[in-house]
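All remarks here apply to the structure that follows.
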Amino acid sequence: CGSDSGGSTGSGGGDLSGKIAIDGSSTVGPLTSAVAEDFNGDNPGVDITVGTSGTGGGFEVFCKGETDISDASREIKDEEAKACADAGIEFVEFQVATDALTVVTNKENDWATCLTTDQLKTMWGPEAEGAVDNWNKVDPSFPDQALTLYGPGTDSGTFDYFTKEINGEEGASRADYNASEDDNVTVQGVEGDKGALGYFGLSYYEQNQDKLTAVQVDSGNGCVAPSAETALDGTYTPLSRPLFVYVKKESFTRPEVEAFVKYMLDNNETVAGEALFIPLTADQKAQEEADYAAALGA
């Protein structure tokens, strides 16, 4: 039933062709990949590529006119918007899901089931570099266990969001950690090291919860676990966040891109669920549909 309805909303009846280029956030990538797979089921003639160079890397190529859609785990920065404007690239922003940025530890870690935001800052702040290398330096009650950190690289919107919310300044972070735009590197690193800790989007944890433990976060009102419910009700603070795609306005003149974006919005609950994200609320979806209509000049 869901598949039939999805095929009839914004799919173009299966006679579409052309190419759609997408790049950007490795967090949002699984969602647009899920949309692409479902959309291609009805429109096999459309060639869709989804890259994951990071939010910043995605905006760089987007503002050069090399992609139609840019996946982003944060809002576009002023300097990125200016780069687009200077290149004559106009765009429309759509929120496509909500995420709960998730801190993870090794399954053998039985002491850090809940961490305060201050403890996370102690680990990740710039002043921790070369100094905070053991769990007992984070909290004296923690064991004498070497601390190894994994996380996204500096082109990542997840890095930008985490550093702003935890360390108080976007981009402010210790540099001596294992950085990668591939979240699977963090999964493997934390899984293989008892003293390791990392962070990424909720979907990557849900895909690997048999290998990792999700840490509860205490921002001053008690320990709260990351989940769809806590992200939407506002209790999982400060690490719940919106996820976006940015679509080049010029690309809306191409029927395959118009149909792809419409399909993504019409089938938000289905594709967000497939990608293990938190779907839009009814109010959020209504807003995005209004933005879509406005982009088409309706």
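Just remember, in the structure tokens the first chain shown is A, the second B, etc., residues are 1-based per chain, and ligands are 1-based in the order shown.
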*Near stretch 214-227 of chain A, within 9 Å and counting only C-alpha atoms, which residues show up once chain neighbours fewer than 4 positions away are dropped, as a list in words?*
Asp99, Ala100, Leu101, Thr102, Val103, Val104, Thr105, Ala112, Thr113, Cys114, Leu115, Thr116, Thr117, Asp118, Leu202, Tyr205, Gln209, Ala231, Leu232, Thr235, Tyr236, Thr237, Pro238, Leu239, Ser240 and Ile278 of chain A
*Hey, which of A:Ala36, A:Leu149, A:Val190, A:Leu212 ends up closest to A:Val257? Count only C-alpha atoms.*
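Using only C-alpha atoms, the shortest distance to A:Val257 belongs to A:Ala36.
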*Measure the distance from atom CA of A:Phe162 to atom CA of A:Lys194 in Å and round it to one decimal.*
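Separation between atom CA of A:Phe162 and atom CA of A:Lys194: 22.7 Å.
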_Closest of A:Pro140, A:Cys63, A:Ala97, A:Pro44 to A:Ala83 - atom-to-atom distances counting only C-alpha atoms_ =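 Using only C-alpha atoms, A:Ala83 sits closest to A:Cys63.
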